[in-house]
>>> print(open('final_20.txt').read())   # compact mmCIF, C-alpha atoms
# COMPACT_ATOMS: atom_id res chain seq x y z
CA MET N 848 7.95 -0.31 18.38
CA LEU N 849 4.66 1.53 17.97
CA GLY N 850 3.52 1.67 14.38
CA ASP N 851 5.53 -1.27 13.08
CA TYR N 852 3.62 -3.65 10.84
CA PRO N 853 4.07 -7.28 11.90
CA GLU N 854 4.83 -9.46 8.91
CA PRO N 855 2.24 -12.20 8.40
CA VAL N 856 3.34 -15.66 9.49
CA ARG N 857 2.12 -17.10 6.20
CA PRO N 858 0.45 -15.83 3.01
CA PHE N 859 -3.23 -14.89 3.26
CA GLN N 860 -3.95 -17.31 0.41
CA GLU N 861 -2.98 -20.17 2.75
CA ASP N 862 -5.31 -18.89 5.46
CA LEU N 863 -8.16 -18.83 2.95
CA ALA N 864 -7.30 -22.31 1.64
CA ASP N 865 -7.58 -23.65 5.19
CA SER N 866 -10.92 -21.93 5.80
CA ALA N 867 -14.47 -22.51 4.64
CA TRP N 868 -13.58 -20.15 1.74
CA SER N 869 -11.02 -22.57 0.30
CA GLU N 870 -11.61 -22.08 -3.44
CA VAL N 871 -9.29 -19.17 -4.12
CA ILE N 872 -8.63 -17.49 -7.43
CA GLU N 873 -5.84 -14.93 -7.61
CA HIS N 874 -5.87 -12.07 -10.11
CA ARG N 875 -2.84 -9.84 -10.59
CA VAL N 876 -3.51 -6.35 -11.95
CA PRO N 877 -0.52 -4.30 -13.12
CA VAL N 878 -0.89 -0.55 -12.56
CA THR N 879 1.23 2.38 -13.61
CA ARG N 880 0.61 5.76 -11.98
CA SER N 881 2.28 9.12 -12.26
CA TRP N 882 2.60 11.25 -9.13
CA THR N 883 3.92 14.75 -8.55
CA PRO N 884 5.97 15.40 -5.42
CA GLU N 885 3.12 17.49 -3.97
CA VAL N 886 0.59 14.70 -4.59
CA VAL N 887 2.89 12.22 -2.82
CA LEU N 888 3.13 14.57 0.18
CA GLY N 889 -0.65 14.97 0.20
CA TYR N 890 -1.06 11.21 0.13
CA LEU N 891 1.41 10.78 3.00
CA ARG N 892 -0.60 13.22 5.12
CA THR N 893 -3.60 10.87 4.86
CA THR N 894 -1.79 7.74 5.98
CA SER N 895 -1.46 6.26 9.45
CA PHE N 896 2.31 5.90 9.04
CA ALA N 897 3.22 9.44 7.97
CA GLY N 898 0.38 11.70 9.14
CA ALA N 899 1.27 15.12 10.52
CA GLU N 900 0.23 14.16 14.07
CA LEU N 901 3.05 11.60 14.22
CA PHE N 902 5.70 14.27 13.69
CA GLY N 903 4.44 16.98 16.01
CA GLU N 904 6.47 20.15 15.62
CA ARG N 905 8.91 18.29 13.32
CA HIS N 906 6.29 17.87 10.57
CA ALA N 907 7.32 20.93 8.55
CA ALA N 908 10.96 19.79 8.58
CA PHE N 909 9.89 16.29 7.49
CA GLU N 910 7.87 17.69 4.58
CA ASP N 911 10.68 20.01 3.52
CA GLU N 912 13.17 17.14 3.47
CA ALA N 913 10.73 14.78 1.73
CA ARG N 914 9.83 17.45 -0.85
CA ALA N 915 13.53 18.05 -1.64
CA LEU N 916 14.15 14.30 -2.08
CA LEU N 917 11.05 13.79 -4.21
CA ASN N 918 11.95 16.76 -6.42
CA GLU N 919 15.42 15.25 -6.93
CA LEU N 920 13.91 11.94 -8.00
CA ALA N 921 11.16 13.37 -10.19
CA VAL N 922 11.81 13.30 -13.93
CA GLY N 923 10.16 16.28 -15.55
CA GLY N 924 8.23 16.88 -12.32
CA SER N 925 6.79 13.36 -12.32
CA LEU N 926 7.39 10.21 -10.28
CA LEU N 927 6.37 6.95 -11.93
CA GLU N 928 4.98 4.14 -9.81
CA GLU N 929 4.71 0.65 -11.22
CA ALA N 930 2.85 -1.80 -9.01
CA VAL N 931 0.90 -5.02 -9.16
CA PHE N 932 -2.29 -5.34 -7.12
CA THR N 933 -3.26 -8.84 -6.11
CA VAL N 934 -7.00 -9.51 -5.85
CA LEU N 935 -8.12 -12.71 -4.17
CA LEU N 936 -11.59 -14.07 -4.87
CA ALA N 937 -12.61 -16.86 -2.53
CA ARG N 938 -15.73 -18.94 -2.22
CA ARG N 939 -16.95 -22.01 -0.43
CA PRO N 940 -16.48 -25.29 -2.32
CA GLY N 941 -19.58 -26.26 -4.23
CA ASP N 942 -21.02 -22.73 -4.16
CA GLY N 943 -21.98 -22.46 -7.82
CA ARG N 944 -22.64 -18.75 -7.79
>>> encode(input="final_20.txt", output="structure tokens")
Amino acid sequence: MLGDYPEPVRPFQEDLADSAWSEVIEHRVPVTRSWTPEVVLGYLRTTSFAGAELFGERHAAFEDEARALLNELAVGGSLLEEAVFTVLLARRPGDGR
């Protein structure tokens, strides 16, 4: 199906470990963000998976339905996102920089 993201066969860390960039350090950065329903909709408009062009004439209906759902879920007008970003730093063995 067009637009589906194929799951990686194995973790990217393993690909790096098998490459010339085999010294891999992983950093995990916890992040908490607060979004309003309107900000979420604005973000969705900028993505490749929910941009207006994908919906054609159904875009307004999509946004209306999404807005209603987001407003239901928002506590005091806010949606809390808790995420962890993984940052991989890789270098060649013996590269003392």
>>> residues_around(input="final_20.txt", residues="Glu928 of chain N", least_positions_apart="6", cutoff="9 Å", atoms="only C-alpha atoms", output="list of chain:residue names")
N:Val878, N:Thr879, N:Arg880, N:Ser881, N:Trp882
>>> closest_residue(input="final_20.txt", among="N:Phe902, N:Leu891, N:Thr883, N:Ala864", to="Val922 of chain N", atoms="only C-alpha atoms")
N:Thr883
>>> atom_distance(input="final_20.txt", atom1="atom CA of Phe896 of chain N", atom2="atom CA of Leu916 of chain N")
18.3 Å
>>> closest_residue(input="final_20.txt", among="N:Glu854, N:Ser869, N:Arg905, N:Val876", to="Val931 of chain N", atoms="all atoms listed in the file")
N:Val876
>>> atom_distance(input="final_20.txt", atom1="atom CA of Leu926 of chain N", atom2="atom CA of Ala907 of chain N")
21.7 Å
>>> atom_distance(input="final_20.txt", atom1="atom CA of Val871 of chain N", atom2="atom CA of Leu936 of chain N")
5.6 Å
>>> residues_around(input="final_20.txt", residues="Gln860 of chain N", least_positions_apart="4", cutoff="12 Å", atoms="all atoms listed in the file", output="list in words")
Pro855, Val856, Ala864, Asp865, Ser866, Trp868, Ser869, Glu870, Val871, Ile872, Glu873, His874, Thr933, Val934, Leu935, Leu936 and Ala937 of chain N
>>> residues_around(input="final_20.txt", residues="Arg914 of chain N", least_positions_apart="5", cutoff="10 Å", atoms="all atoms listed in the file", output="list in words")
Pro884, Glu885, Val887, Leu888, Ala908, Phe909, Glu919 and Leu920 of chain N
>>> decode(input="final_20.txt", residues="segment 879-919 of chain N", atoms="N, CA and C atoms", output="PDB file, in the first residue's frame")
ATOM      1  N   THR N 879       9.261  15.831  27.259  1.00  0.00           N
ATOM      2  CA  THR N 879       7.846  16.019  27.526  1.00  0.00           C
ATOM      3  C   THR N 879       7.423  17.310  26.842  1.00  0.00           C
ATOM      4  N   ARG N 880       6.372  17.204  26.011  1.00  0.00           N
ATOM      5  CA  ARG N 880       5.874  18.382  25.294  1.00  0.00           C
ATOM      6  C   ARG N 880       4.368  18.492  25.489  1.00  0.00           C
ATOM      7  N   SER N 881       3.910  19.719  25.493  1.00  0.00           N
ATOM      8  CA  SER N 881       2.487  19.991  25.579  1.00  0.00           C
ATOM      9  C   SER N 881       2.031  20.551  24.237  1.00  0.00           C
ATOM     10  N   TRP N 882       0.951  19.987  23.705  1.00  0.00           N
ATOM     11  CA  TRP N 882       0.407  20.404  22.415  1.00  0.00           C
ATOM     12  C   TRP N 882      -1.052  20.821  22.609  1.00  0.00           C
ATOM     13  N   THR N 883      -1.510  21.770  21.827  1.00  0.00           N
ATOM     14  CA  THR N 883      -2.938  22.042  21.762  1.00  0.00           C
ATOM     15  C   THR N 883      -3.485  21.278  20.566  1.00  0.00           C
ATOM     16  N   PRO N 884      -4.782  21.004  20.537  1.00  0.00           N
ATOM     17  CA  PRO N 884      -5.336  20.333  19.367  1.00  0.00           C
ATOM     18  C   PRO N 884      -5.020  21.055  18.054  1.00  0.00           C
ATOM     19  N   GLU N 885      -5.069  22.370  18.037  1.00  0.00           N
ATOM     20  CA  GLU N 885      -4.779  23.116  16.809  1.00  0.00           C
ATOM     21  C   GLU N 885      -3.324  22.973  16.382  1.00  0.00           C
ATOM     22  N   VAL N 886      -2.414  22.912  17.345  1.00  0.00           N
ATOM     23  CA  VAL N 886      -0.996  22.725  17.014  1.00  0.00           C
ATOM     24  C   VAL N 886      -0.775  21.327  16.439  1.00  0.00           C
ATOM     25  N   VAL N 887      -1.457  20.326  16.992  1.00  0.00           N
ATOM     26  CA  VAL N 887      -1.346  18.966  16.446  1.00  0.00           C
ATOM     27  C   VAL N 887      -1.826  18.951  14.998  1.00  0.00           C
ATOM     28  N   LEU N 888      -2.973  19.587  14.732  1.00  0.00           N
ATOM     29  CA  LEU N 888      -3.483  19.634  13.356  1.00  0.00           C
ATOM     30  C   LEU N 888      -2.509  20.359  12.431  1.00  0.00           C
ATOM     31  N   GLY N 889      -1.924  21.443  12.906  1.00  0.00           N
ATOM     32  CA  GLY N 889      -0.933  22.153  12.096  1.00  0.00           C
ATOM     33  C   GLY N 889       0.272  21.287  11.801  1.00  0.00           C
ATOM     34  N   TYR N 890       0.721  20.540  12.798  1.00  0.00           N
ATOM     35  CA  TYR N 890       1.834  19.615  12.596  1.00  0.00           C
ATOM     36  C   TYR N 890       1.471  18.560  11.557  1.00  0.00           C
ATOM     37  N   LEU N 891       0.279  17.974  11.687  1.00  0.00           N
ATOM     38  CA  LEU N 891      -0.134  16.941  10.741  1.00  0.00           C
ATOM     39  C   LEU N 891      -0.131  17.444   9.306  1.00  0.00           C
ATOM     40  N   ARG N 892      -0.519  18.708   9.118  1.00  0.00           N
ATOM     41  CA  ARG N 892      -0.535  19.279   7.757  1.00  0.00           C
ATOM     42  C   ARG N 892       0.856  19.291   7.124  1.00  0.00           C
ATOM     43  N   THR N 893       1.901  19.297   7.946  1.00  0.00           N
ATOM     44  CA  THR N 893       3.272  19.385   7.419  1.00  0.00           C
ATOM     45  C   THR N 893       3.896  18.023   7.162  1.00  0.00           C
ATOM     46  N   THR N 894       3.203  16.957   7.524  1.00  0.00           N
ATOM     47  CA  THR N 894       3.798  15.632   7.394  1.00  0.00           C
ATOM     48  C   THR N 894       3.481  14.994   6.053  1.00  0.00           C
ATOM     49  N   SER N 895       4.261  13.979   5.715  1.00  0.00           N
ATOM     50  CA  SER N 895       4.024  13.244   4.469  1.00  0.00           C
ATOM     51  C   SER N 895       2.913  12.221   4.632  1.00  0.00           C
ATOM     52  N   PHE N 896       2.527  11.902   5.864  1.00  0.00           N
ATOM     53  CA  PHE N 896       1.502  10.885   6.079  1.00  0.00           C
ATOM     54  C   PHE N 896       0.118  11.444   6.363  1.00  0.00           C
ATOM     55  N   ALA N 897      -0.002  12.752   6.561  1.00  0.00           N
ATOM     56  CA  ALA N 897      -1.329  13.317   6.838  1.00  0.00           C
ATOM     57  C   ALA N 897      -1.498  14.703   6.222  1.00  0.00           C
ATOM     58  N   GLY N 898      -0.724  15.011   5.183  1.00  0.00           N
ATOM     59  CA  GLY N 898      -0.846  16.300   4.513  1.00  0.00           C
ATOM     60  C   GLY N 898      -2.174  16.411   3.775  1.00  0.00           C
ATOM     61  N   ALA N 899      -2.625  17.633   3.613  1.00  0.00           N
ATOM     62  CA  ALA N 899      -3.931  17.892   2.989  1.00  0.00           C
ATOM     63  C   ALA N 899      -4.059  17.244   1.615  1.00  0.00           C
ATOM     64  N   GLU N 900      -2.985  17.215   0.839  1.00  0.00           N
ATOM     65  CA  GLU N 900      -3.047  16.670  -0.523  1.00  0.00           C
ATOM     66  C   GLU N 900      -3.409  15.187  -0.552  1.00  0.00           C
ATOM     67  N   LEU N 901      -3.165  14.482   0.537  1.00  0.00           N
ATOM     68  CA  LEU N 901      -3.498  13.059   0.596  1.00  0.00           C
ATOM     69  C   LEU N 901      -4.997  12.814   0.748  1.00  0.00           C
ATOM     70  N   PHE N 902      -5.715  13.811   1.232  1.00  0.00           N
ATOM     71  CA  PHE N 902      -7.135  13.647   1.517  1.00  0.00           C
ATOM     72  C   PHE N 902      -8.044  14.232   0.439  1.00  0.00           C
ATOM     73  N   GLY N 903      -7.473  15.064  -0.421  1.00  0.00           N
ATOM     74  CA  GLY N 903      -8.291  15.679  -1.459  1.00  0.00           C
ATOM     75  C   GLY N 903      -9.454  16.444  -0.861  1.00  0.00           C
ATOM     76  N   GLU N 904     -10.632  16.225  -1.410  1.00  0.00           N
ATOM     77  CA  GLU N 904     -11.818  16.960  -0.937  1.00  0.00           C
ATOM     78  C   GLU N 904     -12.297  16.471   0.439  1.00  0.00           C
ATOM     79  N   ARG N 905     -11.719  15.394   0.944  1.00  0.00           N
ATOM     80  CA  ARG N 905     -12.094  14.867   2.265  1.00  0.00           C
ATOM     81  C   ARG N 905     -11.286  15.493   3.397  1.00  0.00           C
ATOM     82  N   HIS N 906     -10.354  16.417   3.059  1.00  0.00           N
ATOM     83  CA  HIS N 906      -9.473  16.961   4.092  1.00  0.00           C
ATOM     84  C   HIS N 906     -10.229  17.706   5.187  1.00  0.00           C
ATOM     85  N   ALA N 907     -11.190  18.512   4.835  1.00  0.00           N
ATOM     86  CA  ALA N 907     -11.950  19.267   5.847  1.00  0.00           C
ATOM     87  C   ALA N 907     -12.660  18.316   6.803  1.00  0.00           C
ATOM     88  N   ALA N 908     -13.245  17.243   6.272  1.00  0.00           N
ATOM     89  CA  ALA N 908     -13.921  16.260   7.127  1.00  0.00           C
ATOM     90  C   ALA N 908     -12.924  15.572   8.050  1.00  0.00           C
ATOM     91  N   PHE N 909     -11.737  15.235   7.515  1.00  0.00           N
ATOM     92  CA  PHE N 909     -10.691  14.631   8.343  1.00  0.00           C
ATOM     93  C   PHE N 909     -10.319  15.558   9.488  1.00  0.00           C
ATOM     94  N   GLU N 910     -10.068  16.835   9.179  1.00  0.00           N
ATOM     95  CA  GLU N 910      -9.675  17.777  10.225  1.00  0.00           C
ATOM     96  C   GLU N 910     -10.782  17.976  11.249  1.00  0.00           C
ATOM     97  N   ASP N 911     -12.020  18.029  10.807  1.00  0.00           N
ATOM     98  CA  ASP N 911     -13.131  18.184  11.752  1.00  0.00           C
ATOM     99  C   ASP N 911     -13.192  17.001  12.711  1.00  0.00           C
ATOM    100  N   GLU N 912     -13.060  15.793  12.166  1.00  0.00           N
ATOM    101  CA  GLU N 912     -13.106  14.591  13.006  1.00  0.00           C
ATOM    102  C   GLU N 912     -11.895  14.529  13.938  1.00  0.00           C
ATOM    103  N   ALA N 913     -10.719  14.835  13.409  1.00  0.00           N
ATOM    104  CA  ALA N 913      -9.506  14.819  14.234  1.00  0.00           C
ATOM    105  C   ALA N 913      -9.595  15.878  15.328  1.00  0.00           C
ATOM    106  N   ARG N 914     -10.067  17.065  14.993  1.00  0.00           N
ATOM    107  CA  ARG N 914     -10.200  18.150  15.975  1.00  0.00           C
ATOM    108  C   ARG N 914     -11.145  17.721  17.110  1.00  0.00           C
ATOM    109  N   ALA N 915     -12.285  17.110  16.756  1.00  0.00           N
ATOM    110  CA  ALA N 915     -13.237  16.663  17.780  1.00  0.00           C
ATOM    111  C   ALA N 915     -12.591  15.633  18.706  1.00  0.00           C
ATOM    112  N   LEU N 916     -11.867  14.671  18.145  1.00  0.00           N
ATOM    113  CA  LEU N 916     -11.201  13.647  18.948  1.00  0.00           C
ATOM    114  C   LEU N 916     -10.129  14.264  19.837  1.00  0.00           C
ATOM    115  N   LEU N 917      -9.314  15.132  19.274  1.00  0.00           N
ATOM    116  CA  LEU N 917      -8.242  15.766  20.056  1.00  0.00           C
ATOM    117  C   LEU N 917      -8.816  16.616  21.182  1.00  0.00           C
ATOM    118  N   ASN N 918      -9.909  17.330  20.916  1.00  0.00           N
ATOM    119  CA  ASN N 918     -10.538  18.142  21.965  1.00  0.00           C
ATOM    120  C   ASN N 918     -11.093  17.265  23.082  1.00  0.00           C
ATOM    121  N   GLU N 919     -11.595  16.083  22.736  1.00  0.00           N
ATOM    122  CA  GLU N 919     -12.072  15.131  23.751  1.00  0.00           C
ATOM    123  C   GLU N 919     -10.933  14.664  24.648  1.00  0.00           C
TER     124      GLU N 919
END
